[in-house]
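Coordinates as given in start33.pdb (PDB, C-alpha atoms):
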```pdb
ATOM      1  CA  LEU A   1      -5.918   1.119  -8.500  1.00  0.00           C
ATOM      2  CA  PRO A   2      -6.334  -2.258  -6.735  1.00  0.00           C
ATOM      3  CA  ALA A   3      -7.961  -3.796  -9.827  1.00  0.00           C
ATOM      4  CA  ALA A   4      -5.033  -2.629 -11.936  1.00  0.00           C
ATOM      5  CA  ILE A   5      -2.566  -4.137  -9.461  1.00  0.00           C
ATOM      6  CA  VAL A   6      -4.325  -7.514  -9.280  1.00  0.00           C
ATOM      7  CA  GLY A   7      -5.270  -7.801 -12.924  1.00  0.00           C
ATOM      8  CA  LEU A   8      -7.782 -10.528 -13.753  1.00  0.00           C
ATOM      9  CA  PRO A   9      -7.015 -13.654 -11.706  1.00  0.00           C
ATOM     10  CA  ALA A  10      -7.800 -16.947 -13.415  1.00  0.00           C
ATOM     11  CA  ARG A  11     -10.259 -18.116 -10.754  1.00  0.00           C
ATOM     12  CA  ARG A  12     -13.234 -16.101  -9.505  1.00  0.00           C
ATOM     13  CA  ARG A  13     -12.272 -16.743  -5.899  1.00  0.00           C
ATOM     14  CA  GLY A  14      -8.930 -15.056  -6.568  1.00  0.00           C
ATOM     15  CA  ARG A  15     -10.767 -11.973  -7.830  1.00  0.00           C
ATOM     16  CA  LEU A  16     -11.854 -11.219  -4.280  1.00  0.00           C
ATOM     17  CA  ALA A  17      -8.281 -10.011  -3.802  1.00  0.00           C
ATOM     18  CA  ILE A  18      -9.382  -6.823  -5.575  1.00  0.00           C
ATOM     19  CA  VAL A  19     -11.660  -5.995  -2.641  1.00  0.00           C
ATOM     20  CA  VAL A  20      -8.994  -6.914  -0.086  1.00  0.00           C
ATOM     21  CA  LEU A  21      -6.518  -4.613  -1.826  1.00  0.00           C
ATOM     22  CA  GLY A  22      -9.159  -1.877  -1.969  1.00  0.00           C
ATOM     23  CA  VAL A  23      -9.523  -2.067   1.804  1.00  0.00           C
ATOM     24  CA  LEU A  24      -5.730  -2.253   2.272  1.00  0.00           C
ATOM     25  CA  THR A  25      -5.453   0.900   0.157  1.00  0.00           C
ATOM     26  CA  GLY A  26      -8.399   2.956   1.401  1.00  0.00           C
ATOM     27  CA  VAL A  27      -8.213   2.347   5.148  1.00  0.00           C
ATOM     28  CA  PRO A  28      -4.519   3.344   5.358  1.00  0.00           C
ATOM     29  CA  MET A  29      -5.365   6.621   3.566  1.00  0.00           C
ATOM     30  CA  LEU A  30      -7.958   7.290   6.258  1.00  0.00           C
ATOM     31  CA  ILE A  31      -5.409   6.476   8.967  1.00  0.00           C
ATOM     32  CA  GLY A  32      -2.963   8.908   7.369  1.00  0.00           C
ATOM     33  CA  GLY A  33      -5.659  11.581   7.278  1.00  0.00           C
ATOM     34  CA  MET A  34      -6.338  11.038  10.975  1.00  0.00           C
ATOM     35  CA  LEU A  35      -2.607  11.339  11.753  1.00  0.00           C
ATOM     36  CA  ALA A  36      -2.112  14.455   9.586  1.00  0.00           C
ATOM     37  CA  GLY A  37      -3.473  16.788  12.262  1.00  0.00           C
ATOM     38  CA  VAL A  38      -0.647  15.904  14.680  1.00  0.00           C
ATOM     39  CA  PRO A  39       2.625  16.051  12.710  1.00  0.00           C
ATOM     40  CA  VAL A  40       4.829  14.670  15.506  1.00  0.00           C
ATOM     41  CA  LEU A  41       2.541  11.659  15.874  1.00  0.00           C
ATOM     42  CA  ALA A  42       2.363  11.241  12.091  1.00  0.00           C
ATOM     43  CA  VAL A  43       6.165  11.168  11.731  1.00  0.00           C
ATOM     44  CA  ALA A  44       6.552   8.692  14.602  1.00  0.00           C
ATOM     45  CA  ALA A  45       3.742   6.511  13.254  1.00  0.00           C
ATOM     46  CA  ILE A  46       5.262   6.349   9.760  1.00  0.00           C
ATOM     47  CA  GLY A  47       8.593   5.280  11.252  1.00  0.00           C
ATOM     48  CA  ALA A  48       7.005   2.631  13.475  1.00  0.00           C
ATOM     49  CA  LEU A  49       4.697   1.369  10.731  1.00  0.00           C
ATOM     50  CA  GLY A  50       7.693   0.935   8.409  1.00  0.00           C
ATOM     51  CA  VAL A  51       9.411  -1.332  10.900  1.00  0.00           C
ATOM     52  CA  GLY A  52       6.172  -3.169  11.719  1.00  0.00           C
ATOM     53  CA  ALA A  53       5.317  -3.730   8.052  1.00  0.00           C
ATOM     54  CA  ALA A  54       8.771  -5.176   7.331  1.00  0.00           C
ATOM     55  CA  LEU A  55       8.555  -7.524  10.317  1.00  0.00           C
ATOM     56  CA  LEU A  56       5.092  -8.641   9.192  1.00  0.00           C
ATOM     57  CA  ALA A  57       6.340  -9.102   5.616  1.00  0.00           C
ATOM     58  CA  ALA A  58       9.023 -11.483   6.883  1.00  0.00           C
ATOM     59  CA  ARG A  59       6.301 -13.668   8.436  1.00  0.00           C
ATOM     60  CA  ALA A  60       3.203 -13.448   6.217  1.00  0.00           C
ATOM     61  CA  PRO A  61       2.398 -12.687   2.569  1.00  0.00           C
ATOM     62  CA  ILE A  62      -0.047  -9.936   3.585  1.00  0.00           C
ATOM     63  CA  GLY A  63       2.902  -8.178   5.227  1.00  0.00           C
ATOM     64  CA  ARG A  64       4.489  -7.597   1.833  1.00  0.00           C
ATOM     65  CA  VAL A  65       1.270  -5.888   0.712  1.00  0.00           C
ATOM     66  CA  ALA A  66       1.298  -3.785   3.875  1.00  0.00           C
ATOM     67  CA  MET A  67       4.906  -2.799   3.271  1.00  0.00           C
ATOM     68  CA  VAL A  68       4.696  -2.096  -0.461  1.00  0.00           C
ATOM     69  CA  LEU A  69       1.173  -0.648  -0.752  1.00  0.00           C
ATOM     70  CA  SER A  70      -0.566   0.114   2.550  1.00  0.00           C
ATOM     71  CA  LEU A  71       2.294   2.017   4.177  1.00  0.00           C
ATOM     72  CA  PRO A  72       2.708   4.410   1.223  1.00  0.00           C
ATOM     73  CA  MET A  73      -1.064   4.964   1.298  1.00  0.00           C
ATOM     74  CA  VAL A  74      -0.790   6.051   4.955  1.00  0.00           C
ATOM     75  CA  GLY A  75       1.716   8.554   3.591  1.00  0.00           C
ATOM     76  CA  VAL A  76      -0.748   9.708   0.921  1.00  0.00           C
ATOM     77  CA  GLY A  77      -3.333  10.221   3.661  1.00  0.00           C
ATOM     78  CA  LEU A  78      -1.064  12.786   5.325  1.00  0.00           C
ATOM     79  CA  SER A  79      -2.108  15.202   2.572  1.00  0.00           C
ATOM     80  CA  TYR A  80      -5.704  15.114   3.830  1.00  0.00           C
ATOM     81  CA  SER A  81      -5.872  16.766   7.253  1.00  0.00           C
ATOM     82  CA  ASP A  82      -9.655  17.015   6.810  1.00  0.00           C
ATOM     83  CA  VAL A  83     -10.699  13.593   8.079  1.00  0.00           C
ATOM     84  CA  GLY A  84     -13.952  13.837   6.109  1.00  0.00           C
ATOM     85  CA  LYS A  85     -12.017  14.137   2.826  1.00  0.00           C
ATOM     86  CA  ALA A  86      -9.754  11.264   3.828  1.00  0.00           C
ATOM     87  CA  ALA A  87     -12.802   9.143   4.690  1.00  0.00           C
ATOM     88  CA  GLY A  88     -14.399  10.023   1.365  1.00  0.00           C
ATOM     89  CA  LEU A  89     -11.268   9.027  -0.525  1.00  0.00           C
ATOM     90  CA  ALA A  90     -11.028   5.774   1.425  1.00  0.00           C
ATOM     91  CA  GLY A  91     -14.691   5.068   0.724  1.00  0.00           C
ATOM     92  CA  LEU A  92     -14.221   5.689  -2.987  1.00  0.00           C
ATOM     93  CA  MET A  93     -11.239   3.340  -3.042  1.00  0.00           C
ATOM     94  CA  VAL A  94     -13.195   0.554  -1.359  1.00  0.00           C
ATOM     95  CA  ALA A  95     -16.361   1.168  -3.425  1.00  0.00           C
ATOM     96  CA  GLY A  96     -14.337   1.223  -6.651  1.00  0.00           C
ATOM     97  CA  SER A  97     -12.727  -2.064  -5.681  1.00  0.00           C
ATOM     98  CA  LEU A  98     -16.097  -3.635  -4.953  1.00  0.00           C
ATOM     99  CA  PHE A  99     -17.358  -2.494  -8.357  1.00  0.00           C
ATOM    100  CA  ALA A 100     -14.224  -3.745 -10.146  1.00  0.00           C
ATOM    101  CA  CYS A 101     -14.529  -7.106  -8.391  1.00  0.00           C
ATOM    102  CA  ALA A 102     -18.188  -7.402  -9.387  1.00  0.00           C
ATOM    103  CA  VAL A 103     -17.352  -6.619 -13.023  1.00  0.00           C
ATOM    104  CA  SER A 104     -14.453  -9.095 -12.995  1.00  0.00           C
ATOM    105  CA  MET A 105     -16.854 -11.869 -11.988  1.00  0.00           C
ATOM    106  CA  LEU A 106     -18.497 -11.553 -15.429  1.00  0.00           C
ATOM    107  CA  TRP A 107     -15.395 -12.985 -17.123  1.00  0.00           C
ATOM    108  CA  PRO A 108     -15.152 -16.771 -17.288  1.00  0.00           C
ATOM    109  CA  GLU A 109     -12.615 -18.688 -15.280  1.00  0.00           C
ATOM    110  CA  ARG A 110      -9.538 -20.026 -17.036  1.00  0.00           C
ATOM    111  CA  PRO A 111      -6.768 -22.424 -16.066  1.00  0.00           C
ATOM    112  CA  PRO A 112      -4.281 -20.802 -13.679  1.00  0.00           C
ATOM    113  CA  PRO A 113      -0.743 -20.189 -14.940  1.00  0.00           C
ATOM    114  CA  THR A 114       1.686 -22.993 -14.128  1.00  0.00           C
ATOM    115  CA  ALA A 115       4.925 -21.033 -13.843  1.00  0.00           C
ATOM    116  CA  PRO A 116       6.100 -20.997 -10.215  1.00  0.00           C
ATOM    117  CA  LYS A 117       7.039 -17.656  -8.685  1.00  0.00           C
ATOM    118  CA  GLU A 118      10.567 -17.150  -7.443  1.00  0.00           C
ATOM    119  CA  ALA A 119      10.679 -16.596  -3.702  1.00  0.00           C
ATOM    120  CA  GLU A 120      12.128 -13.260  -2.674  1.00  0.00           C
ATOM    121  CA  ALA A 121      14.263 -12.936   0.405  1.00  0.00           C
ATOM    122  CA  PRO A 122      12.122 -11.716   3.319  1.00  0.00           C
ATOM    123  CA  PRO A 123      12.774  -8.182   4.546  1.00  0.00           C
ATOM    124  CA  THR A 124      14.841  -7.744   7.679  1.00  0.00           C
ATOM    125  CA  LEU A 125      14.537  -5.466  10.684  1.00  0.00           C
ATOM    126  CA  GLY A 126      17.194  -3.291   9.045  1.00  0.00           C
ATOM    127  CA  ASP A 127      15.041  -3.021   5.916  1.00  0.00           C
ATOM    128  CA  GLY A 128      12.113  -1.937   8.070  1.00  0.00           C
ATOM    129  CA  ALA A 129      14.223   0.617   9.902  1.00  0.00           C
ATOM    130  CA  ALA A 130      15.439   2.067   6.590  1.00  0.00           C
ATOM    131  CA  LEU A 131      11.885   2.111   5.229  1.00  0.00           C
ATOM    132  CA  GLY A 132      10.502   3.768   8.353  1.00  0.00           C
ATOM    133  CA  ALA A 133      13.347   6.283   8.468  1.00  0.00           C
ATOM    134  CA  ALA A 134      12.861   7.248   4.822  1.00  0.00           C
ATOM    135  CA  GLY A 135       9.126   7.761   5.247  1.00  0.00           C
ATOM    136  CA  ALA A 136       9.439   9.542   8.577  1.00  0.00           C
ATOM    137  CA  SER A 137      12.182  11.822   7.219  1.00  0.00           C
ATOM    138  CA  ALA A 138      10.093  12.753   4.196  1.00  0.00           C
ATOM    139  CA  ALA A 139       7.061  13.447   6.411  1.00  0.00           C
ATOM    140  CA  ALA A 140       9.109  15.481   8.912  1.00  0.00           C
ATOM    141  CA  ILE A 141      10.657  17.609   6.168  1.00  0.00           C
ATOM    142  CA  GLY A 142       7.279  18.058   4.505  1.00  0.00           C
ATOM    143  CA  PHE A 143       5.635  19.217   7.725  1.00  0.00           C
ATOM    144  CA  ALA A 144       8.635  21.417   8.653  1.00  0.00           C
ATOM    145  CA  VAL A 145       8.710  23.306   5.350  1.00  0.00           C
ATOM    146  CA  GLY A 146       4.927  23.451   5.089  1.00  0.00           C
ATOM    147  CA  LEU A 147       4.440  21.440   1.909  1.00  0.00           C
ATOM    148  CA  GLU A 148       0.886  21.650   0.638  1.00  0.00           C
ATOM    149  CA  HIS A 149       0.821  17.871   0.120  1.00  0.00           C
ATOM    150  CA  VAL A 150       3.091  16.314   2.727  1.00  0.00           C
ATOM    151  CA  GLY A 151       1.658  12.921   1.895  1.00  0.00           C
ATOM    152  CA  TRP A 152       2.859  12.815  -1.674  1.00  0.00           C
ATOM    153  CA  ALA A 153       6.494  13.357  -0.690  1.00  0.00           C
ATOM    154  CA  THR A 154       6.127  10.717   2.006  1.00  0.00           C
ATOM    155  CA  ALA A 155       4.440   8.257  -0.341  1.00  0.00           C
ATOM    156  CA  ALA A 156       7.117   8.805  -2.985  1.00  0.00           C
ATOM    157  CA  ALA A 157       9.865   7.962  -0.491  1.00  0.00           C
ATOM    158  CA  LEU A 158       7.995   4.861   0.684  1.00  0.00           C
ATOM    159  CA  LEU A 159       7.121   3.659  -2.811  1.00  0.00           C
ATOM    160  CA  VAL A 160      10.720   3.652  -4.016  1.00  0.00           C
ATOM    161  CA  MET A 161      12.093   1.881  -0.956  1.00  0.00           C
ATOM    162  CA  ARG A 162      12.541  -1.843  -1.467  1.00  0.00           C
ATOM    163  CA  PRO A 163      14.167  -4.446   0.776  1.00  0.00           C
ATOM    164  CA  ALA A 164      17.182  -4.706  -1.503  1.00  0.00           C
ATOM    165  CA  ALA A 165      20.398  -3.015  -0.438  1.00  0.00           C
ATOM    166  CA  GLU A 166      21.379  -2.049  -3.984  1.00  0.00           C
ATOM    167  CA  MET A 167      17.961  -0.507  -4.704  1.00  0.00           C
ATOM    168  CA  GLN A 168      18.119   1.502  -1.468  1.00  0.00           C
ATOM    169  CA  ARG A 169      21.591   2.816  -2.348  1.00  0.00           C
ATOM    170  CA  LEU A 170      20.339   3.835  -5.797  1.00  0.00           C
TER     171      LEU A 170
END
```
How does the structure come out when it is put into structure tokens?
Amino acid sequence: LPAAIVGLPARRRGRLAIVVLGVLTGVPMLIGGMLAGVPVLAVAAIGALGVGAALLAARAPIGRVAMVLSLPMVGVGLSYSDVGKAAGLAGLMVAGSLFACAVSMLWPERPPPTAPKEAEAPPTLGDGAALGAAGASAAAIGFAVGLEHVGWATAAALLVMRPAAEMQRL
């Protein structure tokens, strides 16, 4: 998954991002698995992490990754109340990223693209509150009705949320 998100960066140094994304995907799944055993704590944590991720995204590029990828992966982890399974999944994610990074190093470097990226408006506290509320609501409903995979409903809600008012209304 992280290798597919990153693609093949032009420079080998940039390919290390695959490993970073693997960690930022796997570790949150483990955290979600650890929270899954205490639904009230899990719901509160998803809400707080949504706000925290949006505030971090307004200040640092890694915050956008936390908001768009890591937070939904905490949600996915809620489906794994067996911490051993969650740890195994996290380990596979990190190991797969290490392998993908190693394979990517076999490709030669190329000149980086020259097209500048357009800067997006940073998320606001309101965006974080909406994100946290959507994830927490999905988790609370999932736990309340006894969904077999609470995490997938939570992750779906978090993956479709974006810090754009029109997208949130849609």
Is it possible to get the residues within 9 Å of (-11.8, -10.7, -13.6) (coordinates as in the file, counting only C-alpha atoms) written as number ranges by chain?
A: 3, 7-12, 14-15, 100-109
Residue with the minimum atom-to-atom distance to Ser79 (chain A), picked from A:Glu148, A:Leu159, A:Pro122, A:Pro2 with only C-alpha atoms counted, is A:Glu148
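The smallest atom-to-atom distance between Ala136 (chain A) and any of A:Gly47, A:Gly22, A:Gly37, A:Gly91, using all atoms listed in the file, is found for A:Gly47.
Shortest separation to His149 (chain A) among A:Leu21, A:Ala58, A:Ala53, A:Val76 occurs at residue A:Val76, atoms counted being all atoms listed in the file.
In this structure, CA of Ala44 (chain A) sits 28.5 Å away from CA of Glu120 (chain A).
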If you count all atoms listed in the file, the residue of A:Ala54, A:Val145, A:Leu92, A:Ile5 closest to Asp127 (chain A) turns out to be A:Ala54
Skipping near chain neighbours, those fewer than 2 positions away, what residues fall within 7 Å of Met67 (chain A) using all atoms listed in the file, listed as an MDAnalysis selection string?
chainID A and resid 50 53:54 57 63:65 69:71
task = In Å, rounded to a single decimal, give me how far CA of Ala90 (chain A) is from CA of Met34 (chain A).
result =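 Answer for the CA of Met34 (chain A) to CA of Ala90 (chain A) separation: 11.9 Å.
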>> Which polymer residues, whether protein, DNA or RNA, lie within 9 Å of the coordinate (14.0, -5.7, 5.8) when you count all atoms listed in the file? List them as a PyMOL selection string, using the chain letters and numbers from the file.
In response: chain A and resi 51+54-55+57-58+122-131+162-164
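When CA of Val160 (chain A) is paired with CA of Leu49 (chain A), their separation reads 16.1 Å.
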